[in-house]
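Taking it in order: structure first as structure tokens, then the write-up.
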Amino acid sequence: MRSEPDAGQFGPAIYAGWRGSSLGEITEALEHRLIFRLTGTLRNCSVLDVGCGDGTLALACAQAGAARVTGCDPDARMIARASARTIGGDTRIGFAVARSQTLPFPDNSFDIVTCITVLTFVPDAGDAIREMARVLRPGGRLIIGDLGKWSIWAARRRIRGWLGARLWRAARFRTAKELQGMMMGAGLTVVSVKGAIFFPPWTALARAMAPLDPALGEVTTLGAAFVAIQAKKSPRRCRTAS
């Protein structure tokens with residue numbers, strides 16, 4: 001049985017190892033399926049991935065047809081890894097070291113902004129969401145995917161924090177309602193709320209329960225380790241996913 005890595009040791013190598021594990025592969029596939037359902041079509045759109053890590057989602061957005069993709073992350077190691085993955089490759093992708101609360105981009109710059117499993121680790125998450133709303137073009141879509149509050153995964157992570165893992169000790173797990181409130185507070189209109197990863201963090205159960213996961217995510221976020229919300233900035237100019 002292989003579980004998720006210790007959050008206190010996050011870095012490019014740990015990300016790659018987690019993604020290469022069976023549990024990591026299953027969970028990431030379900031998360032990406034949900035993210036791309038909420039983004040809708042990316043063709044001819046400009047995309048910003050806030051907290052892009054090693055660039056995996058940014059690369060997937062480019063492969064899905066986005067006209068321009070930008071990734072930013074406060075960890076220079078992650079940006080170096082992400083940039084290295086695009087050397088000699090797709091020139092539509094660029095990366096920058098930046099914090100979610102102070103994005104170095106002009107107002108109304110992107111058609112789609114994604115922020116995946118980031119806000120749990122951002123104390124002033126409301127400020128970060130307002131920044132993402134600022135750089136989003138009118139009619140654009142913000143997709144936030146974060147770690148759900150009421151799940152076995154969250155309980156396990158809290159225990160890690162109590163046992164000394166500093167990152168999990170400082171983490172804040174939010175409900176879908178809390179995330180929606182912050183998005184509406186930034187002037188956005190919430191369009192869709194979904195859940196994913198309802199199985200415990202154990203590979204055998206993940207394999208058995210993964211086929212049922214999308215159906216559960218359509219009806220509830222209670223028990224979901226991953227909560228995804230789509231909001232739009234008015235007026236609408238891009239096609240909105242349902």
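Scheme for the structure tokens: letters A, B, ... for chains in order shown; per-chain residue numbers from 1; ligand numbers from 1 in order shown.
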
Which polymer residues have any atom within 10 Å of an atom of Ala60 of chain A, counting only C-alpha atoms, with same-chain residues fewer than 5 positions away left out, as a JSON list (two decimals) with N, CA and C atoms, in the first residue's frame?
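Written file, part-v6.json:
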```
[["chain", "number", "residue", "atom", "x", "y", "z"],
["A", 32, "HIS", "N", -8.00, 15.93, -13.04],
["A", 32, "HIS", "CA", -7.86, 16.57, -14.35],
["A", 32, "HIS", "C", -9.14, 16.42, -15.17],
["A", 36, "PHE", "N", -10.94, 19.88, -16.50],
["A", 36, "PHE", "CA", -11.17, 20.18, -17.91],
["A", 36, "PHE", "C", -12.65, 20.18, -18.28],
["A", 55, "GLY", "N", 4.36, 22.27, -13.67],
["A", 55, "GLY", "CA", 3.86, 22.58, -15.00],
["A", 55, "GLY", "C", 2.98, 21.54, -15.65],
["A", 65, "GLY", "N", -5.29, 22.69, -26.64],
["A", 65, "GLY", "CA", -5.55, 23.68, -27.67],
["A", 65, "GLY", "C", -5.53, 25.12, -27.25],
["A", 66, "ALA", "N", -5.12, 25.42, -26.02],
["A", 66, "ALA", "CA", -5.06, 26.82, -25.58],
["A", 66, "ALA", "C", -4.09, 27.60, -26.45],
["A", 69, "VAL", "N", -0.49, 29.78, -22.75],
["A", 69, "VAL", "CA", -0.57, 29.27, -21.37],
["A", 69, "VAL", "C", 0.56, 29.88, -20.55]]
```

Quick one: which segment 147-194 of chain A residues come within 8 Å of segment 110-121 of chain A, and what is the nearest atom pair for each with the distance in Å to one decimal, counting only C-alpha atoms, rows ordered by chain and ascending number, as JSON lines?
```
{"residue": "A:Leu147", "atom": "CA", "partner": "A:Thr117", "partner_atom": "CA", "distance": 6.0}
{"residue": "A:Leu167", "atom": "CA", "partner": "A:Phe121", "partner_atom": "CA", "distance": 7.6}
{"residue": "A:Ala170", "atom": "CA", "partner": "A:Phe121", "partner_atom": "CA", "distance": 7.2}
{"residue": "A:Ala171", "atom": "CA", "partner": "A:Phe121", "partner_atom": "CA", "distance": 5.2}
{"residue": "A:Arg172", "atom": "CA", "partner": "A:Thr120", "partner_atom": "CA", "distance": 4.9}
{"residue": "A:Phe173", "atom": "CA", "partner": "A:Thr120", "partner_atom": "CA", "distance": 5.7}
{"residue": "A:Arg174", "atom": "CA", "partner": "A:Thr120", "partner_atom": "CA", "distance": 7.4}
```

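Residue nearest Thr27 of chain A, chosen from A:Ile152, A:Val191, A:Val97, A:Ala196 and counting only C-alpha atoms: A:Ala196.
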
When you look at Val190 of chain A with a cut-off of 10 Å (counting only C-alpha atoms), what residues show up, excluding the ones that are within fewer than 2 positions of it in the same chain? I need them as a PyMOL selection string. chain A and resi 141-143+179-181+183-184+187-188+192-193+229-233

Selected residues written out, N, CA and C atoms, as a tab-separated table (two decimals), in the first residue's frame:
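Here's the written file selection.tsv:
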```tsv
chain	number	residue	atom	x	y	z
A	141	ARG	N	-13.40	32.57	-17.14
A	141	ARG	CA	-13.76	31.58	-16.13
A	141	ARG	C	-12.61	31.34	-15.16
A	142	LEU	N	-12.94	31.31	-13.89
A	142	LEU	CA	-11.98	30.95	-12.85
A	142	LEU	C	-12.35	29.56	-12.35
A	143	ILE	N	-11.38	28.66	-12.36
A	143	ILE	CA	-11.58	27.30	-11.86
A	143	ILE	C	-10.69	27.11	-10.64
A	179	LEU	N	-15.46	28.45	-0.11
A	179	LEU	CA	-14.80	28.84	-1.35
A	179	LEU	C	-15.74	29.64	-2.24
A	180	GLN	N	-16.99	29.23	-2.33
A	180	GLN	CA	-17.97	29.98	-3.11
A	180	GLN	C	-18.12	31.40	-2.57
A	181	GLY	N	-18.16	31.53	-1.25
A	181	GLY	CA	-18.32	32.84	-0.65
A	181	GLY	C	-17.18	33.78	-1.01
A	183	MET	N	-15.29	33.57	-3.69
A	183	MET	CA	-15.36	33.86	-5.12
A	183	MET	C	-16.43	34.91	-5.40
A	184	MET	N	-17.57	34.81	-4.73
A	184	MET	CA	-18.61	35.81	-4.90
A	184	MET	C	-18.16	37.15	-4.33
A	187	GLY	N	-16.51	39.37	-6.69
A	187	GLY	CA	-17.32	39.86	-7.79
A	187	GLY	C	-17.61	38.86	-8.87
A	188	LEU	N	-17.35	37.57	-8.61
A	188	LEU	CA	-17.57	36.53	-9.61
A	188	LEU	C	-18.91	35.83	-9.37
A	192	SER	N	-20.72	26.43	-11.20
A	192	SER	CA	-20.75	24.98	-11.01
A	192	SER	C	-19.87	24.60	-9.82
A	193	VAL	N	-20.36	23.64	-9.03
A	193	VAL	CA	-19.62	23.13	-7.87
A	193	VAL	C	-19.63	21.60	-7.94
A	229	ILE	N	-14.67	24.34	-8.23
A	229	ILE	CA	-15.71	25.34	-8.45
A	229	ILE	C	-15.37	26.17	-9.68
A	230	GLN	N	-16.37	26.37	-10.53
A	230	GLN	CA	-16.21	27.25	-11.68
A	230	GLN	C	-17.02	28.52	-11.45
A	231	ALA	N	-16.38	29.66	-11.66
A	231	ALA	CA	-17.07	30.95	-11.57
A	231	ALA	C	-16.72	31.77	-12.80
A	232	LYS	N	-17.56	32.73	-13.12
A	232	LYS	CA	-17.31	33.56	-14.30
A	232	LYS	C	-17.30	35.04	-13.92
A	233	LYS	N	-16.63	35.79	-14.76
A	233	LYS	CA	-16.57	37.24	-14.60
A	233	LYS	C	-17.47	37.86	-15.67
```

Taking 4 positions as the minimum chain separation for residues in the same chain, which residues sit within 12 Å of Leu57 of chain A when counting only C-alpha atoms? Answer as number ranges by chain. A: 28-29, 31-33, 35-36, 47-53, 61-64, 66, 69-72, 82, 93, 113-117

Surrounding residues of Leu205 of chain A excluding itself and chain neighbours under 5 positions, 12 Å, only C-alpha atoms, as JSON, numbers by chain: {"A": [1, 2, 3, 22, 23, 26, 27, 197, 198, 199, 200, 210, 211, 212, 213]}

How would the residues just picked look written out with N, CA and C atoms as an mmCIF file, in the first residue's frame?
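The file below, result-v7.cif, is the result:
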```
data_model
loop_
_atom_site.group_PDB
_atom_site.id
_atom_site.type_symbol
_atom_site.label_atom_id
_atom_site.label_comp_id
_atom_site.auth_asym_id
_atom_site.auth_seq_id
_atom_site.Cartn_x
_atom_site.Cartn_y
_atom_site.Cartn_z
ATOM 1 N N MET A 1 0.851 -1.186 0.000
ATOM 2 C CA MET A 1 0.000 0.000 0.000
ATOM 3 C C MET A 1 0.884 1.232 0.000
ATOM 4 N N ARG A 2 0.660 2.139 -0.977
ATOM 5 C CA ARG A 2 1.450 3.353 -1.048
ATOM 6 C C ARG A 2 0.537 4.553 -0.897
ATOM 7 N N SER A 3 0.818 5.409 0.063
ATOM 8 C CA SER A 3 -0.019 6.579 0.307
ATOM 9 C C SER A 3 0.676 7.823 -0.217
ATOM 10 N N SER A 22 0.638 4.469 -8.234
ATOM 11 C CA SER A 22 -0.711 4.087 -8.656
ATOM 12 C C SER A 22 -1.767 5.007 -8.054
ATOM 13 N N LEU A 23 -1.633 5.310 -6.762
ATOM 14 C CA LEU A 23 -2.604 6.183 -6.103
ATOM 15 C C LEU A 23 -2.554 7.586 -6.687
ATOM 16 N N ILE A 26 -4.186 7.641 -10.205
ATOM 17 C CA ILE A 26 -5.647 7.554 -10.170
ATOM 18 C C ILE A 26 -6.257 8.885 -9.752
ATOM 19 N N THR A 27 -5.738 9.470 -8.677
ATOM 20 C CA THR A 27 -6.319 10.719 -8.176
ATOM 21 C C THR A 27 -6.110 11.863 -9.157
ATOM 22 N N ILE A 197 -12.652 12.481 -5.690
ATOM 23 C CA ILE A 197 -11.799 11.711 -4.759
ATOM 24 C C ILE A 197 -12.572 11.413 -3.474
ATOM 25 N N PHE A 198 -13.535 10.509 -3.591
ATOM 26 C CA PHE A 198 -14.350 10.117 -2.441
ATOM 27 C C PHE A 198 -13.807 8.874 -1.740
ATOM 28 N N PHE A 199 -12.789 8.259 -2.323
ATOM 29 C CA PHE A 199 -12.221 7.054 -1.723
ATOM 30 C C PHE A 199 -11.119 7.418 -0.728
ATOM 31 N N PRO A 200 -10.795 6.519 0.218
ATOM 32 C CA PRO A 200 -9.702 6.763 1.156
ATOM 33 C C PRO A 200 -8.355 6.743 0.439
ATOM 34 N N ALA A 210 -12.777 4.215 -7.932
ATOM 35 C CA ALA A 210 -12.588 5.281 -8.922
ATOM 36 C C ALA A 210 -13.690 5.344 -9.985
ATOM 37 N N PRO A 211 -14.193 4.201 -10.495
ATOM 38 C CA PRO A 211 -15.241 4.293 -11.516
ATOM 39 C C PRO A 211 -16.519 4.973 -11.024
ATOM 40 N N LEU A 212 -16.771 4.933 -9.709
ATOM 41 C CA LEU A 212 -17.974 5.552 -9.148
ATOM 42 C C LEU A 212 -17.780 7.013 -8.816
ATOM 43 N N ASP A 213 -16.544 7.464 -8.799
ATOM 44 C CA ASP A 213 -16.209 8.797 -8.303
ATOM 45 C C ASP A 213 -16.902 9.925 -9.072
#
```

Under the rule that only C-alpha atoms are counted, which of A:Leu103, A:Arg130, A:Asn108, A:Thr56 is the nearest residue to Arg85 of chain A? A:Thr56
